[in-house]
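These notes concern the structure reproduced below.
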Number of protein chains: 2
Amino acid sequence: VDEFGLIARLRAVLEAEEVSGPAEVVVGSGDDAAVTIPRGATATSVDALIEGVHFRRETFPLASVGRKALASALSDLAAMGAMPGEAYVQLGIPEDSTEADMDELARGLADCARLFGVRVLGGDVTRAPALMLAVTVVGHAPNAYDLVARSGAQPGDAVIVTGPLGGAAAGLLLLEEPHLAHDLSDGVVSALKYRQLKPTPLIEAGRTLAAAGATAMIDISDGLGADAGHIAEASDVQLTIELEKLPVVKGVADVAAAANRDVLELAAAGGEDYELLATVPREAAQDAVGRLEQAGGTPAVIGQVEAGSGLSLVDREGALRRDLRGFDQLGGSRSPGDRV
Amino acid sequence: VDEFGLIARLRAVLEAEEVSGPAEVVVGSGDDAAVTIPRGATATSVDALIEGVHFRRETFPLASVGRKALASALSDLAAMGAMPGEAYVQLGIPEDSTEADMDELARGLADCARLFGVRVLGGDVTRAPALMLAVTVVGHAPNAYDLVARSGAQPGDAVIVTGPLGGAAAGLLLLEEPHLAHDLSDGVVSALKYRQLKPTPLIEAGRTLAAAGATAMIDISDGLGADAGHIAEASDVQLTIELEKLPVVKGVADVAAAANRDVLELAAAGGEDYELLATVPREAAQDAVGRLEQAGGTPAVIGQVEAGSGLSLVDREGALRRDLRGFDQLGGSRSPGDRV
C-alpha cells in the first residue's frame with residue numbers, strides 16, 4: 001500500500017458524508033492546514049491509541065480501534081460540556097497493514113464522526129512500527145464560561161457520576177481471558193465487551209451537567225480513583241467518595257469473582273468507562289441528577305467536596321482504600337494517556 | 001519513569017516561559033481540553049515524527065527531534081501565511097527512555113515554541129514501542145481570505161521558491177554515511193547537517209508571500225517534485241519547473257558527487273528543506289521576490305503556471321525528468337507524512 005494511495009482512500013471514506021459543525025469550514029482536508037472560522041470559545045484536546053499499549057489487534061477489531069480513538073478524544077470534550085466540532089487524525093500504519101484493514105479503521109472513525117456530528121478536517125498518514133492513531137478534537141461553546149474545567153470544585157459540592165463503572169475493565173478481562181465468561185449469559189458478556197470496544201462519549205450528559213452548574217468535571221478514563229484525584233488536585237479541595245454508593249455495571253461482580261479480583265478494583269481503578277465525574281453545588285445536585293435521568297442516564301451522587309486537599313475513597317466499613325487510586329492496575333491495557 | 005511524573009516534568013519545561021499568542025487562552029494545559037477564544041480565522045495542521053521512520057536516535061539528538069517535530073508542523077502554517085498560535089503534543093515514549101531523555105526532548109520543543117511565540121496548551125503522554133511525537137498546531141489570521149491554500153494557482157502565475165534546496169537530503173546522507181564528508185570543509189558539513197536536524201519554519205516568508213498576493217502555496221516537505229505536483233493537482237493547472245533555475249544549497253553538489261547521485265535528485269526529490277513553493281501573479285512576482293530578499297532570503301522564480309493539468313520538471317536540455325516526482329527516494333528517512 002503506498003502512502004499517497006492510502007491518503008486518498010482515507011479521505012474518500014471520511015469525506016463521504018459531510019456533517020455541519022459549529023465552526024465555518026473554509027478549507028477542508030487535503031491542504032497544508034484546515035481553515036475554519038470559530039465562533040465563541042473553543043476546547044481542544046488530543047488523545048492517542050497505540051497498538052500493544054492501548055489495544056491488541058488480536059482482540060480489537062480495527063473498526064473498534066478507529067471508533068474508540070475518536071470516541072475517547074470526544075469524551076474529553078464531553079467533560080468540558082463542549083459541542084464537538086472538528087477532528088484531525090494522525091495515523092501510523094505498520095508495514096503489514098492491508099487496504100482492507102485501513103478501510104475498516106477509517107469506517108470506524110467515520111461512523112463515530114457521523115454519530116457525533118464531527119467533521120474530520122485533516123490528518124497525516126505515515127509508516128509506523130505499530131498501529132497508532134493520534135486524534136485532535138476541537139469543540140465549541142458560545143462563551144468560555146459555558147465550559148467546565150477541573151479546577152472549580154468548592155467545599156459543599158456534591159460529587160456526581162453519570163453512570164455505572166467497571167464495565168470496560170470487565171470487558172477487557174473477558175476479551176483477554178475468554179474462559180472468565182463461563183457462567184455469564186451471552187447478553188451480559190456482549191454488553192461488557194461493548195463497554196470496552198465501543199465506548200460512548202457522553203456529550204449530552206456533559207452539556208447537561210454544565211448547564212446545571214457543574215463546578216468541575218472530568219471523564220473517567222484513567223479510573224475513578226485517579227480522575228477524582230485530578231479534580232481534588234486542580235481544585236485544591238478534599239474529595240470524599242463513598243465506594244458503596246458507586247453504581248457498578250451488571251455482570252462486573254461476576255467477572256471479578258471469576259477472575260479472583262475485588263469488584264471495586266474493576267469499578268474504581270479499571271478506567272476507560274468514559275462516564276463523567278462532576279462536582280455540583282449541593283442545592284443543584286438533585287436537579288442535575290433529575291435532568292440526567294430524564295435523558296435516560298443512571299447517575300448517582302457518590303460523595304462530597306470538603307475543604308482540605310486530597311482524595312478519600314471510603315468503603316462500607318469507613319476504611320480508606322488507598323489501593324484504588326492508581327491507574328493501569330489491570331496490566332493488559334491502559335487508557336489513553338493523561339494530559340500534559 | 002512513571003507516566004504522571006513525566007507529564008508533570010514536561011508541563012514544567014513547557015510552561016516555564018509563557019508567550020502570548022493571537023488567541024486568548026482561558027484554560028491552559030492540564031485540563032481535559034484547552035479553552036481558547038480565537039479571533040478571526042484559524043489554520044490547523046498535524047504532523048508526526050516516528051522513530052525508525054522519520055529519524056533514528058543514533059543520528060538525531062533528542063533535542064533536535066523535539067524541535068523538528070514542532071518546526072515541521074509550523075512549516076505547514078507558514079505555507080498558509082498564518083501566524084502560529086497554539087500547539088498540542090502527543091508523545092509516545094519507549095520503555096528505555098530516561099527522564100534526562102525526556103527533558104532533552106521537551107527542551108527542544110520548548111526552544112522552538114519560544115522562538116516562534118507558540119504556546120503549548122496540551123498534550124498526551126503514553127508508552128509506545130518507538131519514540132513518537134504527533135504535533136497539532138493552530139495558526140491565526142484576521143480573515144480566511146488572508147490565508148493561502150494550494151488550490152488557487154492560475155495560468156500565467158510565476159512559480160517562486162523561497163530558498164535553496166537539497167540541504168536536508170545532503171545532511172541526512174552525511175549523518176547516515178559520515179565518510180561522504182571526506183572532502184568537505186567542517187563548516188559546510190555542519191551547515192548541511194543543520195538543515196536536516198534543525199529545519200526552520202518560514203513563518204515570515206509565508207506571510208510575506210501571502211501579503212504579496214500568492215495564489216497557492218505549499219511547504220517543500222516531500223520534495224519539490226511531489227509538492228509542486230500537489231499544487232498542480234489541487235489547482236487543476238499545469239506547472240512547469242525549469243530545474244536549471246533551482247537554487248541549490250552550497251555543498252550539496254559535492255555530497256551528491258561523493259554519494260554517486262544526481263544533485264537534482266537531492267534538490268528536487270529529497271524533501272525536508274521546508275522552503276516554501278508559491279505561485280504568484282506574474283506582475284507581482286518581482287515585488288514578491290524583492291520583499292523576500294529584503295527580509296534576508298534568497299528566493300528564485302523557477303517556473304510558471306499554464307492551463308492544463310500536471311507537472312513538468314524540465315532539465316537544461318529541455319528533457320522531462322519523471323524520476324524526480326516521488327518522495328522517499330533516499331530510503332533512509334522520510335518527511336512527515338502528507339495530509340489526509
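Chain identifiers are assigned as A, B, and so on, following the order in which chains appear in the C-alpha cells; residues are numbered from 1 within each chain, and ligands are numbered from 1 in order of appearance.
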So that I can check the surroundings of Glu265 (chain A), please list as a PyMOL selection string every protein, DNA and RNA residue that reaches within 12 Å of it, counting only C-alpha atoms and ignoring chain neighbours fewer than 6 positions away.
chain A and resi 165-167+169-170+223-225+243+246+248+252-253+255-257+259+271+313+315+321-330
Given the selection you just returned, output its residues as a file containing N, CA, C and O atoms, formatted as a compact mmCIF listing (two decimals), in the first residue's frame.
```
# COMPACT_ATOMS: atom_id res chain seq x y z
N LEU A 165 -19.89 2.00 36.62
CA LEU A 165 -18.48 1.82 36.27
C LEU A 165 -18.11 0.33 36.25
O LEU A 165 -18.88 -0.53 36.62
N GLY A 166 -16.89 0.07 35.80
CA GLY A 166 -16.35 -1.29 35.85
C GLY A 166 -16.58 -2.10 34.59
O GLY A 166 -15.94 -3.13 34.39
N GLY A 167 -17.47 -1.62 33.73
CA GLY A 167 -17.80 -2.40 32.54
C GLY A 167 -16.63 -2.54 31.58
O GLY A 167 -16.39 -3.62 31.03
N ALA A 169 -13.39 -2.38 32.21
CA ALA A 169 -12.35 -3.24 32.78
C ALA A 169 -12.77 -4.70 32.72
O ALA A 169 -11.98 -5.59 32.36
N ALA A 170 -14.03 -4.98 33.04
CA ALA A 170 -14.52 -6.35 32.96
C ALA A 170 -14.53 -6.83 31.51
O ALA A 170 -14.16 -7.97 31.21
N GLY A 223 -9.62 5.80 35.49
CA GLY A 223 -10.18 5.16 36.69
C GLY A 223 -10.68 6.22 37.64
O GLY A 223 -10.10 7.31 37.75
N LEU A 224 -11.77 5.90 38.35
CA LEU A 224 -12.37 6.87 39.26
C LEU A 224 -11.36 7.43 40.25
O LEU A 224 -11.31 8.64 40.50
N GLY A 225 -10.54 6.55 40.82
CA GLY A 225 -9.59 6.99 41.84
C GLY A 225 -8.62 8.02 41.28
O GLY A 225 -8.42 9.10 41.87
N LEU A 243 -17.54 4.47 48.46
CA LEU A 243 -17.49 3.43 47.43
C LEU A 243 -18.77 2.60 47.37
O LEU A 243 -19.11 2.06 46.31
N LEU A 246 -21.20 3.64 44.70
CA LEU A 246 -20.75 3.57 43.31
C LEU A 246 -21.65 2.64 42.51
O LEU A 246 -21.76 1.46 42.81
N VAL A 248 -22.36 0.07 39.69
CA VAL A 248 -21.47 -0.87 39.01
C VAL A 248 -22.25 -1.55 37.89
O VAL A 248 -23.42 -1.92 38.06
N VAL A 252 -20.27 -7.19 36.27
CA VAL A 252 -18.89 -6.90 36.67
C VAL A 252 -18.52 -7.69 37.93
O VAL A 252 -17.40 -8.23 38.04
N ALA A 253 -19.48 -7.79 38.86
CA ALA A 253 -19.20 -8.55 40.09
C ALA A 253 -18.89 -10.01 39.77
O ALA A 253 -17.98 -10.61 40.35
N VAL A 255 -17.65 -11.21 36.89
CA VAL A 255 -16.34 -11.29 36.24
C VAL A 255 -15.25 -11.15 37.30
O VAL A 255 -14.24 -11.88 37.29
N ALA A 256 -15.44 -10.21 38.23
CA ALA A 256 -14.46 -10.01 39.30
C ALA A 256 -14.29 -11.30 40.11
O ALA A 256 -13.17 -11.72 40.39
N ALA A 257 -15.42 -11.94 40.44
CA ALA A 257 -15.36 -13.18 41.22
C ALA A 257 -14.63 -14.27 40.44
O ALA A 257 -13.74 -14.95 40.97
N ALA A 259 -12.45 -13.89 38.16
CA ALA A 259 -11.03 -13.54 37.99
C ALA A 259 -10.33 -13.40 39.33
O ALA A 259 -9.14 -13.06 39.38
N GLY A 271 -10.86 2.00 34.92
CA GLY A 271 -10.81 3.05 33.91
C GLY A 271 -11.50 2.70 32.60
O GLY A 271 -12.08 1.62 32.44
N LEU A 313 -11.15 7.55 49.26
CA LEU A 313 -12.08 6.55 48.78
C LEU A 313 -12.41 5.68 49.99
O LEU A 313 -11.54 4.98 50.51
N ASP A 315 -14.67 2.78 52.00
CA ASP A 315 -15.53 1.62 51.76
C ASP A 315 -16.64 1.55 52.80
O ASP A 315 -16.77 2.40 53.68
N ARG A 321 -9.47 3.19 51.10
CA ARG A 321 -8.94 2.22 50.15
C ARG A 321 -7.89 2.93 49.30
O ARG A 321 -8.18 3.50 48.27
N ARG A 322 -6.63 2.88 49.75
CA ARG A 322 -5.57 3.57 49.03
C ARG A 322 -5.16 2.83 47.75
O ARG A 322 -4.52 3.40 46.86
N ASP A 323 -5.52 1.56 47.67
CA ASP A 323 -5.06 0.74 46.54
C ASP A 323 -5.82 1.03 45.25
O ASP A 323 -5.45 0.54 44.19
N LEU A 324 -6.87 1.83 45.33
CA LEU A 324 -7.71 2.04 44.14
C LEU A 324 -7.36 3.34 43.43
O LEU A 324 -8.04 3.74 42.50
N ARG A 325 -6.28 4.00 43.85
CA ARG A 325 -6.03 5.33 43.32
C ARG A 325 -5.18 5.35 42.07
O ARG A 325 -5.14 6.34 41.36
N GLY A 326 -4.44 4.26 41.80
CA GLY A 326 -3.59 4.25 40.62
C GLY A 326 -4.38 3.88 39.40
O GLY A 326 -5.52 3.47 39.50
N PHE A 327 -3.80 4.05 38.24
CA PHE A 327 -4.45 3.53 37.06
C PHE A 327 -3.59 2.38 36.57
O PHE A 327 -2.62 1.99 37.21
N ASP A 328 -4.02 1.75 35.46
CA ASP A 328 -3.24 0.69 34.86
C ASP A 328 -3.09 -0.51 35.78
O ASP A 328 -2.09 -1.21 35.74
N GLN A 329 -4.09 -0.73 36.66
CA GLN A 329 -3.93 -1.86 37.58
C GLN A 329 -4.25 -3.18 36.91
O GLN A 329 -4.02 -4.24 37.48
N LEU A 330 -4.82 -3.12 35.70
CA LEU A 330 -5.14 -4.37 35.03
C LEU A 330 -3.96 -4.92 34.25
O LEU A 330 -3.94 -6.08 33.89
```
Restrict the distance test to only C-alpha atoms, flag each residue of chain A within 8 Å of chain B, and return the flagged residues as a ChimeraX atom specification.
/A:4,7-8,10-11,26-27,29-48,50,52-53,76-77,79-80,88-90,122-130,134,136,144,149-150,218-219,336-340
Alpha helix (DSSP H) per DSSP on the backbone: members of region 258-330 of chain A, as an MDAnalysis selection string
chainID A and resid 258 263:264 282:294
Residue neighbourhood region 105-118 of chain A, 6 Å, only C-alpha atoms, exclusion window fewer than 2 positions, as a ChimeraX atom specification:
/A:14,19,62-63,66-67,85-86,102-103
Residues from the last selection, C-alpha atoms, saved as a PDB file, in the first residue's frame:
```
ATOM      1  CA  LEU A  14     -14.013  10.283   5.732  1.00  0.00           C
ATOM      2  CA  VAL A  19     -21.974  16.954   8.543  1.00  0.00           C
ATOM      3  CA  LEU A  62      -9.949  -2.394  13.561  1.00  0.00           C
ATOM      4  CA  ALA A  63     -13.327  -0.656  13.261  1.00  0.00           C
ATOM      5  CA  GLY A  66     -10.877   3.690  14.775  1.00  0.00           C
ATOM      6  CA  ARG A  67     -14.092   4.359  16.612  1.00  0.00           C
ATOM      7  CA  GLY A  85     -16.866  20.313  16.003  1.00  0.00           C
ATOM      8  CA  GLU A  86     -13.765  19.204  14.121  1.00  0.00           C
ATOM      9  CA  MET A 102      -7.296   0.711   6.594  1.00  0.00           C
ATOM     10  CA  ASP A 103     -10.791   0.837   5.149  1.00  0.00           C
TER      11      ASP A 103
END
```
In Å and to one decimal, CA of Gly81 (chain B) is distant from CA of Leu202 (chain B) by 9.3 Å
From a backbone DSSP assignment, name each residue in region 159-234 of chain A labelled strand (DSSP E), as a ChimeraX atom specification.
/A:159-161,216-219
Dump of all heavy atoms for the selected residues, as a PDB file, in the first residue's frame:
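Written file, part_34.pdb:
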```
ATOM      1  N   VAL A 159     -20.644  15.230  44.685  1.00  0.00           N
ATOM      2  CA  VAL A 159     -19.904  14.563  43.608  1.00  0.00           C
ATOM      3  C   VAL A 159     -20.859  13.608  42.899  1.00  0.00           C
ATOM      4  O   VAL A 159     -21.463  12.742  43.525  1.00  0.00           O
ATOM      5  CB  VAL A 159     -18.693  13.786  44.159  1.00  0.00           C
ATOM      6  CG1 VAL A 159     -17.970  13.053  43.029  1.00  0.00           C
ATOM      7  CG2 VAL A 159     -17.733  14.736  44.877  1.00  0.00           C
ATOM      8  N   ILE A 160     -20.996  13.816  41.582  1.00  0.00           N
ATOM      9  CA  ILE A 160     -21.944  13.018  40.791  1.00  0.00           C
ATOM     10  C   ILE A 160     -21.188  12.209  39.741  1.00  0.00           C
ATOM     11  O   ILE A 160     -20.262  12.714  39.110  1.00  0.00           O
ATOM     12  CB  ILE A 160     -22.960  13.950  40.079  1.00  0.00           C
ATOM     13  CG1 ILE A 160     -23.855  14.645  41.111  1.00  0.00           C
ATOM     14  CG2 ILE A 160     -23.806  13.178  39.069  1.00  0.00           C
ATOM     15  CD1 ILE A 160     -24.857  15.624  40.495  1.00  0.00           C
ATOM     16  N   VAL A 161     -21.567  10.950  39.562  1.00  0.00           N
ATOM     17  CA  VAL A 161     -21.073  10.172  38.434  1.00  0.00           C
ATOM     18  C   VAL A 161     -22.267   9.902  37.523  1.00  0.00           C
ATOM     19  O   VAL A 161     -23.387   9.699  37.988  1.00  0.00           O
ATOM     20  CB  VAL A 161     -20.367   8.876  38.897  1.00  0.00           C
ATOM     21  CG1 VAL A 161     -21.349   7.886  39.536  1.00  0.00           C
ATOM     22  CG2 VAL A 161     -19.637   8.203  37.744  1.00  0.00           C
ATOM     23  N   ALA A 216     -16.817  21.525  38.468  1.00  0.00           N
ATOM     24  CA  ALA A 216     -15.643  20.833  37.935  1.00  0.00           C
ATOM     25  C   ALA A 216     -16.135  19.554  37.275  1.00  0.00           C
ATOM     26  O   ALA A 216     -17.156  18.990  37.671  1.00  0.00           O
ATOM     27  CB  ALA A 216     -14.640  20.500  39.042  1.00  0.00           C
ATOM     28  N   MET A 217     -15.410  19.113  36.254  1.00  0.00           N
ATOM     29  CA  MET A 217     -15.846  17.896  35.555  1.00  0.00           C
ATOM     30  C   MET A 217     -14.641  17.238  34.899  1.00  0.00           C
ATOM     31  O   MET A 217     -13.711  17.899  34.466  1.00  0.00           O
ATOM     32  CB  MET A 217     -16.927  18.255  34.520  1.00  0.00           C
ATOM     33  CG  MET A 217     -17.596  17.059  33.897  1.00  0.00           C
ATOM     34  SD  MET A 217     -19.330  17.394  33.369  1.00  0.00           S
ATOM     35  CE  MET A 217     -19.152  18.770  32.223  1.00  0.00           C
ATOM     36  N   ILE A 218     -14.689  15.894  34.807  1.00  0.00           N
ATOM     37  CA  ILE A 218     -13.608  15.123  34.180  1.00  0.00           C
ATOM     38  C   ILE A 218     -14.235  13.847  33.642  1.00  0.00           C
ATOM     39  O   ILE A 218     -15.282  13.414  34.136  1.00  0.00           O
ATOM     40  CB  ILE A 218     -12.504  14.813  35.226  1.00  0.00           C
ATOM     41  CG1 ILE A 218     -11.208  14.332  34.559  1.00  0.00           C
ATOM     42  CG2 ILE A 218     -12.983  13.783  36.267  1.00  0.00           C
ATOM     43  CD1 ILE A 218     -10.008  14.308  35.522  1.00  0.00           C
ATOM     44  N   ASP A 219     -13.640  13.265  32.607  1.00  0.00           N
ATOM     45  CA  ASP A 219     -14.146  11.964  32.169  1.00  0.00           C
ATOM     46  C   ASP A 219     -13.316  10.877  32.847  1.00  0.00           C
ATOM     47  O   ASP A 219     -12.129  11.043  33.115  1.00  0.00           O
ATOM     48  CB  ASP A 219     -14.135  11.817  30.648  1.00  0.00           C
ATOM     49  CG  ASP A 219     -12.742  11.730  30.051  1.00  0.00           C
ATOM     50  OD1 ASP A 219     -11.833  12.422  30.557  1.00  0.00           O
ATOM     51  OD2 ASP A 219     -12.556  10.978  29.085  1.00  0.00           O
TER      52      ASP A 219
END
```
Figure out the distance between CA of Asp227 (chain A) and CA of Ala269 (chain A), please, to one decimal in Å.
9.5 Å
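Interatomic distance, CA of Leu209 (chain A) to CA of Ala153 (chain A): 13.3 Å.
The closest residue to Glu104 (chain B), picked from B:Ala267, B:Val65, B:Leu239, B:Leu74 and counting only C-alpha atoms, is B:Val65.
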Within 12 Å of Gln154 (chain B), counting only C-alpha atoms, which residues show up once you throw out same-chain ones fewer than 2 positions away? Write them as a ChimeraX atom specification, please.
/B:150-152,156-159,213-216,231-232,234-239,278-282,304-309
